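Asks: Structure file final_30.cif (mmCIF, C-alpha atoms) is given on the next line.
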data_my_file
#
loop_
_atom_site.label_atom_id
_atom_site.label_comp_id
_atom_site.auth_asym_id
_atom_site.auth_seq_id
_atom_site.Cartn_x
_atom_site.Cartn_y
_atom_site.Cartn_z
CA MET A 78 0.00 0.00 0.00
CA LYS A 79 1.31 3.38 -1.02
CA ALA A 80 0.97 6.44 1.18
CA VAL A 81 1.88 10.08 0.65
CA CYS A 82 3.52 11.42 3.82
CA LEU A 83 3.90 15.14 4.41
CA LEU A 84 7.38 15.67 5.79
CA SER A 85 8.83 18.96 7.03
CA GLY A 86 11.82 17.39 8.71
CA GLY A 87 10.58 18.35 12.18
CA LEU A 88 9.91 16.07 15.12
CA ASP A 89 6.24 15.50 14.41
CA SER A 90 6.26 14.85 10.68
CA SER A 91 9.38 12.68 11.00
CA THR A 92 7.71 10.56 13.69
CA CYS A 93 4.61 10.39 11.49
CA LEU A 94 6.65 9.05 8.56
CA GLY A 95 8.15 6.49 10.94
CA VAL A 96 4.66 5.36 11.98
CA ALA A 97 3.51 4.99 8.37
CA THR A 98 6.65 2.99 7.57
CA ARG A 99 6.18 0.78 10.64
CA ASP A 100 2.58 0.16 9.59
CA GLY A 101 3.75 -1.25 6.28
CA TYR A 102 3.08 1.58 3.87
CA ALA A 103 5.34 2.26 0.91
CA CYS A 104 5.94 5.90 1.68
CA TYR A 105 6.18 8.81 -0.75
CA ALA A 106 7.51 11.74 1.24
CA LEU A 107 6.45 15.24 0.24
CA SER A 108 8.10 18.46 1.38
CA PHE A 109 7.64 22.08 0.39
CA ASP A 110 10.01 24.90 -0.23
CA TYR A 111 7.64 27.77 0.55
CA GLY A 112 10.10 30.51 1.30
CA GLN A 113 10.29 29.56 4.98
CA ARG A 114 13.03 31.18 7.06
CA HIS A 115 13.98 27.73 8.26
CA ARG A 116 14.63 26.27 4.82
CA ILE A 117 17.30 24.15 6.45
CA GLU A 118 14.48 21.84 7.56
CA LEU A 119 14.43 20.53 3.98
CA GLU A 120 17.86 18.97 4.53
CA SER A 121 16.48 17.26 7.61
CA ALA A 122 13.50 16.06 5.60
CA ALA A 123 15.82 14.49 3.03
CA ARG A 124 17.82 12.71 5.74
CA VAL A 125 14.70 11.44 7.51
CA ALA A 126 13.17 10.23 4.24
CA LYS A 127 16.35 8.26 3.60
CA LEU A 128 16.43 6.88 7.15
CA PHE A 129 12.95 5.43 6.76
CA GLY A 130 13.55 4.18 3.23
CA ALA A 131 10.89 6.34 1.54
CA ARG A 132 10.26 5.25 -2.06
CA GLU A 133 10.53 8.83 -3.20
CA HIS A 134 11.02 12.22 -1.66
CA ARG A 135 9.81 15.24 -3.59
CA VAL A 136 10.22 18.87 -2.70
CA VAL A 137 7.62 21.07 -4.34
CA THR A 138 8.37 24.77 -4.59
CA ILE A 139 5.41 27.01 -3.89
CA ASP A 140 5.44 30.71 -3.59
CA LEU A 141 3.68 31.48 -0.31
CA ARG A 142 5.91 34.52 0.01
CA ALA A 143 3.99 36.08 -2.89
CA PHE A 144 1.20 36.81 -0.42
CA GLY A 145 3.25 37.46 2.74
CA GLY A 146 1.36 37.63 6.02
CA SER A 147 3.43 35.36 8.27
CA ALA A 148 6.51 35.53 10.46
CA LEU A 149 7.66 32.28 8.87
CA THR A 150 7.71 33.65 5.33
CA GLY A 151 7.57 37.43 5.59
CA ASP A 152 9.34 40.25 7.33
CA ILE A 153 7.64 39.89 10.69
CA GLU A 154 10.00 38.78 13.50
CA VAL A 155 9.66 35.30 14.95
CA PRO A 156 8.64 35.81 18.62
CA LYS A 157 11.09 34.38 21.14
CA SER A 158 9.46 34.82 24.49
CA GLY A 159 10.41 31.29 25.48
CA VAL A 160 6.79 30.49 26.37
CA ILE A 161 3.76 29.50 24.32
CA GLY A 162 1.29 32.38 24.24
CA SER A 163 -2.48 32.19 23.94
CA GLY A 164 -4.26 32.70 20.63
CA ILE A 165 -2.93 32.03 17.15
CA PRO A 166 0.65 33.32 16.79
CA VAL A 167 2.20 35.38 13.99
CA THR A 168 4.09 32.31 12.81
CA TYR A 169 0.76 31.05 11.47
CA VAL A 170 1.00 30.76 7.66
CA PRO A 171 -2.38 31.35 5.99
CA ALA A 172 -3.83 28.17 4.50
CA ARG A 173 -0.52 26.31 4.79
CA ASN A 174 -1.86 22.88 5.69
CA THR A 175 -4.73 23.28 3.25
CA ILE A 176 -2.24 23.92 0.46
CA PHE A 177 0.08 21.11 1.58
CA LEU A 178 -2.78 18.61 1.81
CA SER A 179 -4.07 19.69 -1.62
CA PHE A 180 -0.74 18.79 -3.19
CA ALA A 181 -0.60 15.54 -1.20
CA MET A 182 -4.05 14.68 -2.48
CA ALA A 183 -2.97 15.35 -6.08
CA TRP A 184 0.07 13.11 -5.76
CA ALA A 185 -1.94 10.38 -4.01
CA GLU A 186 -4.42 10.36 -6.88
CA ILE A 187 -1.65 10.01 -9.44
CA LEU A 188 0.03 7.23 -7.44
CA GLU A 189 -3.38 5.54 -7.05
CA SER A 190 -2.89 5.75 -3.33
CA SER A 191 -5.75 6.35 -0.93
CA ASP A 192 -3.66 7.24 2.11
CA VAL A 193 -2.12 10.52 3.19
CA PHE A 194 -0.23 10.94 6.47
CA ILE A 195 0.18 14.29 8.21
CA GLY A 196 1.83 14.83 11.59
CA VAL A 197 -0.57 17.44 12.93
CA ASN A 198 -1.01 17.64 16.65
CA ALA A 199 -3.61 19.53 18.64
CA ILE A 200 -2.31 19.04 22.18
CA ASP A 201 1.16 20.55 22.54
CA TYR A 202 0.94 22.91 19.60
CA SER A 203 1.04 26.53 18.64
CA GLY A 204 -2.72 26.86 18.21
CA TYR A 205 -2.78 26.81 14.43
CA PRO A 206 -6.40 26.15 13.37
CA ASP A 207 -5.36 23.88 10.52
CA CYS A 208 -3.85 21.37 12.94
CA ARG A 209 -7.15 20.48 14.59
CA PRO A 210 -9.03 17.23 13.97
CA GLU A 211 -12.18 19.05 12.83
CA PHE A 212 -10.17 20.70 10.06
CA ILE A 213 -8.68 17.38 8.94
CA GLU A 214 -12.13 15.74 8.89
CA ALA A 215 -13.55 18.57 6.78
CA PHE A 216 -10.60 18.35 4.41
CA GLU A 217 -11.11 14.62 3.98
CA LYS A 218 -14.79 15.13 3.16
CA MET A 219 -13.94 17.81 0.61
CA ALA A 220 -11.21 15.68 -0.95
CA ASN A 221 -13.62 12.82 -1.49
CA LEU A 222 -15.85 15.10 -3.55
CA ALA A 223 -12.94 16.56 -5.52
CA THR A 224 -11.05 13.73 -7.13
CA LYS A 225 -11.75 11.54 -10.11
CA ALA A 226 -10.63 8.52 -8.10
CA ALA A 227 -13.13 9.16 -5.31
CA VAL A 228 -16.03 10.11 -7.58
CA GLU A 229 -15.54 7.05 -9.76
CA GLY A 230 -15.53 4.97 -6.58
CA ARG A 231 -12.06 3.57 -7.20
CA THR A 232 -10.65 4.79 -3.94
CA ARG A 233 -11.60 6.89 -0.94
CA LEU A 234 -8.92 9.17 0.39
CA ARG A 235 -8.10 8.76 4.04
CA ILE A 236 -6.04 11.31 5.94
CA HIS A 237 -4.13 9.67 8.77
CA THR A 238 -3.16 11.80 11.77
CA PRO A 239 -1.46 9.35 14.15
CA LEU A 240 -0.11 12.17 16.36
CA VAL A 241 -3.21 14.30 16.67
CA ASN A 242 -4.06 13.39 20.25
CA LEU A 243 -0.56 12.86 21.64
CA ASN A 244 1.30 15.31 23.81
CA LYS A 245 4.87 16.20 22.90
CA ALA A 246 6.39 13.69 25.34
CA GLN A 247 4.30 10.90 23.82
CA ILE A 248 5.46 11.98 20.37
CA VAL A 249 9.10 11.77 21.45
CA LYS A 250 8.49 8.28 22.86
CA LEU A 251 6.69 7.18 19.72
CA GLY A 252 9.49 8.61 17.57
CA ALA A 253 12.03 6.57 19.53
CA GLN A 254 9.86 3.44 19.20
CA VAL A 255 9.66 3.68 15.42
CA GLY A 256 13.41 4.23 15.17
CA LEU A 257 13.63 7.94 14.51
CA ASP A 258 17.15 9.33 14.90
CA PHE A 259 16.32 12.69 16.47
CA SER A 260 19.67 14.16 15.48
CA LEU A 261 18.46 14.19 11.88
CA THR A 262 15.42 16.37 12.59
CA HIS A 263 15.05 20.13 12.75
CA SER A 264 12.38 22.07 14.64
CA CYS A 265 13.49 25.68 15.10
CA TYR A 266 11.63 28.43 13.21
CA ASP A 267 14.59 30.78 13.20
CA PRO A 268 17.93 28.94 13.31
CA ASP A 269 21.28 30.72 13.12
CA PRO A 270 23.25 30.57 9.86
CA GLN A 271 24.86 27.30 11.01
CA GLY A 272 21.41 25.78 11.50
CA ARG A 273 21.56 25.76 15.30
CA PRO A 274 18.19 26.17 17.06
CA CYS A 275 17.39 29.48 18.77
CA GLY A 276 15.93 27.72 21.81
CA LYS A 277 13.27 30.35 22.31
CA CYS A 278 10.70 30.17 19.52
CA ASP A 279 7.46 28.22 20.02
CA SER A 280 8.82 25.28 18.14
CA CYS A 281 12.00 25.06 20.25
CA VAL A 282 9.98 25.47 23.47
CA LEU A 283 7.59 22.67 22.55
CA ARG A 284 10.45 20.38 21.53
CA ARG A 285 12.31 20.93 24.80
CA LYS A 286 9.13 20.28 26.80
CA GLY A 287 8.65 17.00 24.92
CA PHE A 288 12.14 15.68 25.58
CA LEU A 289 12.05 16.81 29.22
CA GLU A 290 8.74 15.14 29.95
CA ALA A 291 9.76 12.01 28.04
CA ASP A 292 12.90 11.96 30.17
CA ARG A 293 15.17 11.80 27.14
CA ILE A 294 18.11 13.83 25.93
CA ASP A 295 17.60 15.85 22.73
CA PRO A 296 20.70 15.28 20.60
CA LEU A 297 20.25 18.80 19.19
CA GLY A 298 20.75 20.11 22.72
CA MET B 205 -15.33 44.98 -0.34
CA LYS B 206 -12.34 43.05 -1.59
CA ALA B 207 -12.68 39.74 -3.42
CA VAL B 208 -10.14 37.28 -4.73
CA CYS B 209 -11.19 36.14 -8.22
CA LEU B 210 -9.67 33.05 -9.80
CA LEU B 211 -8.97 33.93 -13.42
CA SER B 212 -7.70 31.57 -16.08
CA GLY B 213 -8.44 33.88 -18.97
CA GLY B 214 -11.13 31.57 -20.32
CA LEU B 215 -14.77 32.41 -21.00
CA ASP B 216 -16.10 31.29 -17.62
CA SER B 217 -13.56 32.82 -15.25
CA SER B 218 -13.51 36.06 -17.27
CA THR B 219 -17.29 36.33 -17.05
CA CYS B 220 -17.05 35.55 -13.34
CA LEU B 221 -14.59 38.40 -12.82
CA GLY B 222 -16.98 40.66 -14.72
CA VAL B 223 -19.83 39.66 -12.38
CA ALA B 224 -17.75 40.34 -9.25
CA THR B 225 -16.76 43.73 -10.67
CA ARG B 226 -20.36 44.58 -11.58
CA ASP B 227 -21.41 43.62 -8.05
CA GLY B 228 -19.08 46.24 -6.62
CA TYR B 229 -16.16 44.15 -5.39
CA ALA B 230 -12.60 45.45 -5.52
CA CYS B 231 -11.17 42.47 -7.37
CA TYR B 232 -7.81 40.78 -6.84
CA ALA B 233 -7.34 38.45 -9.80
CA LEU B 234 -5.35 35.26 -9.28
CA SER B 235 -3.95 33.07 -12.04
CA PHE B 236 -1.65 30.06 -12.04
CA ASP B 237 1.21 29.01 -14.19
CA TYR B 238 0.98 25.27 -13.59
CA GLY B 239 2.79 23.95 -16.61
CA GLN B 240 -0.38 23.91 -18.69
CA ARG B 241 0.01 23.34 -22.44
CA HIS B 242 -2.15 26.37 -23.01
CA ARG B 243 0.04 28.80 -21.08
CA ILE B 244 -1.07 31.43 -23.54
CA GLU B 245 -4.25 31.72 -21.45
CA LEU B 246 -2.18 33.72 -18.95
CA GLU B 247 -1.87 36.53 -21.49
CA SER B 248 -5.64 36.51 -21.83
CA ALA B 249 -5.96 36.59 -18.05
CA ALA B 250 -3.77 39.70 -17.88
CA ARG B 251 -5.83 41.43 -20.58
CA VAL B 252 -9.14 40.55 -18.94
CA ALA B 253 -7.89 41.68 -15.50
CA LYS B 254 -6.99 45.01 -17.07
CA LEU B 255 -10.32 45.30 -18.88
CA PHE B 256 -12.23 44.95 -15.62
CA GLY B 257 -9.88 47.19 -13.64
CA ALA B 258 -8.72 44.54 -11.17
CA ARG B 259 -6.78 46.07 -8.26
CA GLU B 260 -4.04 43.50 -8.70
CA HIS B 261 -3.37 40.49 -10.87
CA ARG B 262 -0.98 37.88 -9.56
CA VAL B 263 0.28 34.80 -11.33
CA VAL B 264 1.46 32.12 -8.93
CA THR B 265 3.76 29.46 -10.31
CA ILE B 266 3.04 25.97 -9.05
CA ASP B 267 4.60 22.80 -10.22
CA LEU B 268 1.71 20.47 -11.01
CA ARG B 269 3.90 18.91 -13.68
CA ALA B 270 6.03 17.43 -10.87
CA PHE B 271 3.29 14.83 -10.43
CA GLY B 272 2.08 14.47 -14.03
CA GLY B 273 -1.15 12.56 -14.60
CA SER B 274 -3.05 14.89 -16.92
CA ALA B 275 -3.31 15.67 -20.62
CA LEU B 276 -3.16 19.36 -19.73
CA THR B 277 0.21 19.15 -18.00
CA GLY B 278 1.77 15.85 -19.02
CA ASP B 279 2.57 13.89 -22.12
CA ILE B 280 -0.89 12.50 -22.74
CA GLU B 281 -2.53 13.85 -25.91
CA VAL B 282 -5.48 16.22 -25.63
CA PRO B 283 -8.46 14.36 -27.18
CA LYS B 284 -10.00 16.09 -30.19
CA SER B 285 -13.05 14.07 -31.05
CA GLY B 286 -15.09 17.23 -31.47
CA VAL B 287 -17.73 15.93 -29.04
CA ILE B 288 -17.99 15.83 -25.24
CA GLY B 289 -17.58 12.25 -24.04
CA SER B 290 -19.07 10.68 -20.95
CA GLY B 291 -17.09 10.28 -17.74
CA ILE B 292 -14.19 12.35 -16.53
CA PRO B 293 -11.74 13.09 -19.38
CA VAL B 294 -7.94 12.82 -19.40
CA THR B 295 -7.71 16.61 -19.36
CA TYR B 296 -8.73 16.41 -15.69
CA VAL B 297 -5.87 17.73 -13.53
CA PRO B 298 -5.78 16.04 -10.11
CA ALA B 299 -6.80 18.39 -7.31
CA ARG B 300 -6.49 21.47 -9.52
CA ASN B 301 -9.40 23.47 -8.17
CA THR B 302 -8.61 22.37 -4.61
CA ILE B 303 -5.09 23.74 -5.02
CA PHE B 304 -6.30 26.93 -6.73
CA LEU B 305 -8.91 27.60 -4.05
CA SER B 306 -6.34 26.94 -1.31
CA PHE B 307 -4.14 29.70 -2.67
CA ALA B 308 -7.16 31.99 -3.13
CA MET B 309 -8.09 31.37 0.49
CA ALA B 310 -4.56 32.25 1.63
CA TRP B 311 -4.57 35.52 -0.31
CA ALA B 312 -8.08 36.38 0.88
CA GLU B 313 -6.99 35.94 4.49
CA ILE B 314 -4.00 38.23 3.99
CA LEU B 315 -6.16 40.85 2.24
CA GLU B 316 -8.73 40.51 5.03
CA SER B 317 -11.26 39.64 2.39
CA SER B 318 -14.03 37.14 2.97
CA ASP B 319 -15.01 36.61 -0.64
CA VAL B 320 -13.58 34.34 -3.30
CA PHE B 321 -15.05 34.05 -6.81
CA ILE B 322 -14.59 31.00 -9.02
CA GLY B 323 -16.18 30.46 -12.42
CA VAL B 324 -16.99 26.79 -12.06
CA ASN B 325 -19.91 25.46 -14.01
CA ALA B 326 -21.64 22.11 -13.68
CA ILE B 327 -24.01 22.23 -16.65
CA ASP B 328 -22.06 22.54 -19.91
CA TYR B 329 -18.77 21.23 -18.58
CA SER B 330 -16.26 18.49 -19.02
CA GLY B 331 -17.39 16.53 -15.99
CA TYR B 332 -14.57 17.49 -13.66
CA PRO B 333 -15.65 16.55 -10.11
CA ASP B 334 -14.12 19.71 -8.62
CA CYS B 335 -16.52 21.91 -10.59
CA ARG B 336 -19.63 20.65 -8.81
CA PRO B 337 -21.55 22.63 -6.18
CA GLU B 338 -21.16 19.87 -3.57
CA PHE B 339 -17.39 20.16 -3.87
CA ILE B 340 -17.50 23.95 -3.48
CA GLU B 341 -19.74 23.67 -0.41
CA ALA B 342 -17.40 21.15 1.21
CA PHE B 343 -14.41 23.37 0.42
CA GLU B 344 -16.11 26.36 2.02
CA LYS B 345 -16.82 24.36 5.19
CA MET B 346 -13.23 23.18 5.37
CA ALA B 347 -11.88 26.69 4.77
CA ASN B 348 -13.89 28.06 7.65
CA LEU B 349 -12.19 25.60 10.00
CA ALA B 350 -8.73 26.29 8.59
CA THR B 351 -8.05 29.99 8.82
CA LYS B 352 -7.16 32.26 11.68
CA ALA B 353 -9.64 34.82 10.39
CA ALA B 354 -12.54 32.35 10.48
CA VAL B 355 -11.60 30.74 13.79
CA GLU B 356 -11.22 34.10 15.50
CA GLY B 357 -14.64 35.04 14.12
CA ARG B 358 -13.33 38.05 12.21
CA THR B 359 -14.62 36.85 8.89
CA ARG B 360 -16.30 33.89 7.30
CA LEU B 361 -15.04 32.91 3.89
CA ARG B 362 -17.68 32.71 1.19
CA ILE B 363 -17.00 31.08 -2.16
CA HIS B 364 -19.11 32.63 -4.88
CA THR B 365 -19.96 30.57 -7.95
CA PRO B 366 -22.20 32.81 -10.03
CA LEU B 367 -21.94 30.54 -13.09
CA VAL B 368 -22.49 27.18 -11.47
CA ASN B 369 -26.02 26.60 -12.73
CA LEU B 370 -25.83 28.37 -16.09
CA ASN B 371 -25.49 26.67 -19.43
CA LYS B 372 -22.82 27.87 -21.84
CA ALA B 373 -25.22 30.08 -23.80
CA GLN B 374 -26.33 31.79 -20.61
CA ILE B 375 -22.67 32.34 -19.69
CA VAL B 376 -22.02 33.98 -23.06
CA LYS B 377 -25.03 36.27 -22.55
CA LEU B 378 -23.96 37.13 -19.02
CA GLY B 379 -20.42 37.84 -20.23
CA ALA B 380 -21.80 40.26 -22.80
CA GLN B 381 -24.00 41.92 -20.17
CA VAL B 382 -21.09 42.59 -17.82
CA GLY B 383 -19.01 44.01 -20.66
CA LEU B 384 -16.62 41.16 -21.40
CA ASP B 385 -14.73 41.60 -24.66
CA PHE B 386 -14.65 37.98 -25.82
CA SER B 387 -11.76 38.61 -28.16
CA LEU B 388 -9.52 38.93 -25.09
CA THR B 389 -10.33 35.46 -23.77
CA HIS B 390 -8.80 32.09 -24.53
CA SER B 391 -10.45 28.70 -24.14
CA CYS B 392 -8.58 26.08 -26.18
CA TYR B 393 -6.61 23.38 -24.36
CA ASP B 394 -4.18 22.84 -27.21
CA PRO B 395 -3.73 25.95 -29.32
CA ASP B 396 -1.26 26.11 -32.23
CA PRO B 397 2.01 28.02 -31.76
CA GLN B 398 0.26 31.25 -32.81
CA GLY B 399 -2.36 30.73 -30.09
CA ARG B 400 -5.18 29.86 -32.47
CA PRO B 401 -7.78 27.44 -31.04
CA CYS B 402 -7.83 23.84 -32.32
CA GLY B 403 -11.63 23.83 -32.55
CA LYS B 404 -11.90 20.20 -31.51
CA CYS B 405 -10.98 19.85 -27.83
CA ASP B 406 -13.71 19.78 -25.17
CA SER B 407 -13.12 23.40 -24.33
CA CYS B 408 -13.45 24.56 -27.96
CA VAL B 409 -16.55 22.42 -28.43
CA LEU B 410 -18.26 23.85 -25.35
CA ARG B 411 -17.35 27.40 -26.32
CA ARG B 412 -18.76 27.00 -29.84
CA LYS B 413 -21.97 25.50 -28.44
CA GLY B 414 -22.33 28.50 -26.11
CA PHE B 415 -21.97 31.12 -28.82
CA LEU B 416 -24.22 29.19 -31.21
CA GLU B 417 -27.02 28.82 -28.68
CA ALA B 418 -26.65 32.41 -27.53
CA ASP B 419 -26.93 33.44 -31.19
CA ARG B 420 -23.73 35.44 -31.06
CA ILE B 421 -20.54 35.45 -33.12
CA ASP B 422 -17.35 34.34 -31.35
CA PRO B 423 -14.66 36.87 -32.28
CA LEU B 424 -12.09 34.05 -32.00
CA GLY B 425 -13.94 32.29 -34.82
#
Please lay out the structure from this file as structure tokens.
Replies:
Amino acid sequence: MKAVCLLSGGLDSSTCLGVATRDGYACYALSFDYGQRHRIELESAARVAKLFGAREHRVVTIDLRAFGGSALTGDIEVPKSGVIGSGIPVTYVPARNTIFLSFAMAWAEILESSDVFIGVNAIDYSGYPDCRPEFIEAFEKMANLATKAAVEGRTRLRIHTPLVNLNKAQIVKLGAQVGLDFSLTHSCYDPDPQGRPCGKCDSCVLRRKGFLEADRIDPLG
Amino acid sequence: MKAVCLLSGGLDSSTCLGVATRDGYACYALSFDYGQRHRIELESAARVAKLFGAREHRVVTIDLRAFGGSALTGDIEVPKSGVIGSGIPVTYVPARNTIFLSFAMAWAEILESSDVFIGVNAIDYSGYPDCRPEFIEAFEKMANLATKAAVEGRTRLRIHTPLVNLNKAQIVKLGAQVGLDFSLTHSCYDPDPQGRPCGKCDSCVLRRKGFLEADRIDPLG
């Protein structure tokens, strides 16, 4: 069984690819170069795809910068308070997961696959609306009205979210179980030119919390 | 009121932009360079955006060719039987409207607009599943769970489909009413190097039918 697995190279999506691999899927990893500050995550994605023996790894370039509107792609600063605030932060990228899932759905249809994996998480997360289960469910419904494969009854697309109800510590434990080498991953939104994490952005804070509570050492420090 | 209007440069999307303009929206036209054979339609899109005084016209490049799987982007021939077949044709591009609407939704959020226009039509059409009203409804539901603007209650995205229940003749009449200069548009899927329509693909066949039944002359011949 083929599956398209969205892979940013971070802790969550890398664990998610590991789960899909463990569950016997032939995985087609899909990453995006969307003008993110932390483009270095694409190198992590390539390493993680290789680690798990993905059949293919494609990086699709999309121009989210054309619209601006996010600290991850635009000129707004990435906040580094060291704590997770309330509300939806400025690192939110408009429609990002919708766009990513749309491309995943296109590739799945061409591969004649009916399975897409995405490592969204709605417990220890930044509050992005497009990480919540109700969004994923609505996307799945829409997708099954959109594609030739679904309409002709050949296949029904299923969007797998194995991490959605896990906290960050559980994700770290699951990652270890499926054989993820954490040193290959990258989480920071605003690394220094050498790729070292800032330690203070939301993504760094959540990662540290996960390793701490899982009682494990993060090889990235 | 701002609206994002998907604009291919064809008869339907051009008429749709004309309707949004007539209805008083400040229109932001959005086109895609997706490796389509008929890239020349982008020149039509630019001319039509200018005709209707769109505030901006952006062309986003996306690499749908990376996945292949369609006669419009890949190596499959465009069928030229001169009649509309049954079923979904090989010119179907997997997830195309889902991807287009995802980008429209991103731009709308950044513009703080709650209106997106798309010229889909489910009467005289090629049978693409992502042109049907049930798909559009499902997309709208999904979008309103995906964006910061919707979740924070600032705005609810509405997807307008003013052409969805019109036949091609009615679309031609509506286009004329809103002041569309048909000579600026482009419909053919497989034009010759000079941009002249083939006259035999689905898109040419539907266009001819529309002008015939509307009792009007198509300036493109």
Asks: Residues of chain B that have any atom at most 9 Å from an atom of chain A: could you tabulate them with the shortest-distance atom pair and the distance in Å to one decimal, using only C-alpha atoms, ordered by chain and increasing number, as a Markdown table?
Replies:
| residue | atom | partner | partner_atom | distance |
| --- | --- | --- | --- | --- |
| B:Arg262 | CA | A:Ala143 | CA | 8.5 |
| B:Val264 | CA | A:Asp140 | CA | 6.8 |
| B:Thr265 | CA | A:Asp140 | CA | 7.0 |
| B:Ile266 | CA | A:Ile139 | CA | 5.8 |
| B:Asp267 | CA | A:Val137 | CA | 6.8 |
| B:Leu268 | CA | A:Phe180 | CA | 8.4 |
| B:Ala270 | CA | A:Val137 | CA | 7.6 |
| B:Phe271 | CA | A:Trp184 | CA | 5.9 |
| B:Gly272 | CA | A:Ile187 | CA | 7.4 |
| B:Gly273 | CA | A:Ile187 | CA | 5.8 |
| B:Gly291 | CA | A:Glu229 | CA | 8.7 |
| B:Ile292 | CA | A:Lys225 | CA | 6.9 |
| B:Tyr296 | CA | A:Lys225 | CA | 8.0 |
| B:Val297 | CA | A:Ala183 | CA | 8.3 |
| B:Pro298 | CA | A:Ala183 | CA | 5.0 |
| B:Ala299 | CA | A:Ala183 | CA | 5.0 |
| B:Arg300 | CA | A:Ala183 | CA | 7.9 |
| B:Asn301 | CA | A:Ala223 | CA | 8.2 |
| B:Thr302 | CA | A:Ser179 | CA | 6.1 |
| B:Ile303 | CA | A:Ser179 | CA | 5.4 |
| B:Phe304 | CA | A:Ile176 | CA | 8.8 |
| B:Leu305 | CA | A:Ile176 | CA | 8.9 |
| B:Ser306 | CA | A:Ile176 | CA | 5.4 |
| B:Phe307 | CA | A:Ile176 | CA | 6.8 |
| B:Met309 | CA | A:Ala172 | CA | 6.7 |
| B:Ala310 | CA | A:Pro171 | CA | 5.0 |
| B:Trp311 | CA | A:Phe144 | CA | 5.9 |
| B:Glu313 | CA | A:Pro171 | CA | 6.7 |
| B:Ile314 | CA | A:Gly146 | CA | 5.8 |
| B:Leu315 | CA | A:Phe144 | CA | 8.8 |
| B:Tyr332 | CA | A:Lys225 | CA | 7.5 |
| B:Pro333 | CA | A:Ala223 | CA | 5.3 |
| B:Asp334 | CA | A:Ala223 | CA | 4.6 |
| B:Cys335 | CA | A:Ala223 | CA | 8.2 |
| B:Arg336 | CA | A:Ala223 | CA | 8.5 |
| B:Glu338 | CA | A:Leu222 | CA | 7.1 |
| B:Phe339 | CA | A:Leu222 | CA | 5.3 |
| B:Ile340 | CA | A:Met219 | CA | 8.2 |
| B:Glu341 | CA | A:Met219 | CA | 8.3 |
| B:Ala342 | CA | A:Met219 | CA | 4.8 |
| B:Phe343 | CA | A:Met219 | CA | 5.6 |
| B:Glu344 | CA | A:Met219 | CA | 8.9 |
| B:Lys345 | CA | A:Ala215 | CA | 6.8 |
| B:Met346 | CA | A:Ala215 | CA | 4.8 |
| B:Ala347 | CA | A:Thr175 | CA | 8.1 |
| B:Asn348 | CA | A:Phe212 | CA | 8.6 |
| B:Leu349 | CA | A:Phe212 | CA | 5.3 |
| B:Ala350 | CA | A:Asp207 | CA | 4.6 |
| B:Thr351 | CA | A:Pro206 | CA | 6.2 |
| B:Lys352 | CA | A:Pro206 | CA | 6.4 |
| B:Val355 | CA | A:Pro206 | CA | 6.9 |
| B:Glu356 | CA | A:Ile165 | CA | 8.7 |
Asks: Adding 6 Å on each side of the box along x, y and z that holds all listed atoms of region 126-136 of chain A, could you give its centre and edge lengths in Å to one decimal, as AutoDock Vina command-line options?
Replies:
--center_x 13.1 --center_y 11.5 --center_z 1.8 --size_x 18.6 --size_y 26.7 --size_z 22.7
Asks: Would you kindly translate the PyMOL selection byres ((chain B and resi 386-393) around 7) into the concrete residues it picks from this file, as a ChimeraX atom specification?
Replies: /B:213-215,241-242,245,248,251-252,384-385,394-395,401-402,405,407-408,423-424
Asks: Using the chain letters and numbering of this document, enumerate as a PyMOL selection string the residues selected by the PyMOL selection byres ((chain A and resi 89) around 8).
Replies: chain A and resi 87-88+90-93+196-198+240+248
Asks: Excluding region 95-103 of chain A and residues on its chain fewer than 4 positions from it, collect all residues at most 7 Å away from it, counting all atoms listed in the file, and give them as a ChimeraX atom specification.
Replies: /A:78-80,91,129,131-132,255,257
Asks: May I have the residues at most 8 Å from (-17.1, 35.5, -0.8) in the file's coordinates, counting all atoms listed in the file, as a compact mmCIF listing (two decimals) with C-alpha atoms, in the coordinates of the input?
Replies:
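Output saved as part-v2.txt:
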# COMPACT_ATOMS: atom_id res chain seq x y z
CA ALA B 207 -12.68 39.74 -3.42
CA SER B 317 -11.26 39.64 2.39
CA SER B 318 -14.03 37.14 2.97
CA ASP B 319 -15.01 36.61 -0.64
CA VAL B 320 -13.58 34.34 -3.30
CA PHE B 321 -15.05 34.05 -6.81
CA LEU B 361 -15.04 32.91 3.89
CA ARG B 362 -17.68 32.71 1.19
CA ILE B 363 -17.00 31.08 -2.16
CA HIS B 364 -19.11 32.63 -4.88
Asks: Mind giving me the straight-line distance from CA of Leu251 (chain A) to CA of Gln113 (chain A) in Å, one decimal?
Replies: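 Distance reported for this atom pair: 27.0 Å.
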Asks: How far is it from CA of Arg231 (chain A) to CA of Thr295 (chain B), in Å with one decimal?
Replies: 18.4 Å
Asks: If the PyMOL selection byres ((chain A and resi 159) around 8) is run on the structure shown, which residues does it catch, given as a VMD selection string?
Replies: chain A and resid 157 to 158 160 to 161 276 to 279 282
Asks: Would you mind telling me which residue in B:Tyr238, B:Ser212, B:Arg243, B:Gly425 lies nearest to Pro397 (chain B) when using only C-alpha atoms?
Replies: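 Between B:Tyr238, B:Ser212, B:Arg243, B:Gly425, the residue approaching Pro397 (chain B) most closely is B:Arg243.
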Asks: Between CA of Ile421 (chain B) and CA of Val376 (chain B), what is the distance, to one decimal in Å?
Replies: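 A separation of 10.3 Å between them.
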Asks: Could you tell me, as number ranges by chain, which residues have any atom at most 9 Å from (0.6, 17.5, 20.5), counting all atoms listed in the file?
Replies: A: 89, 197-202, 240-248, 283
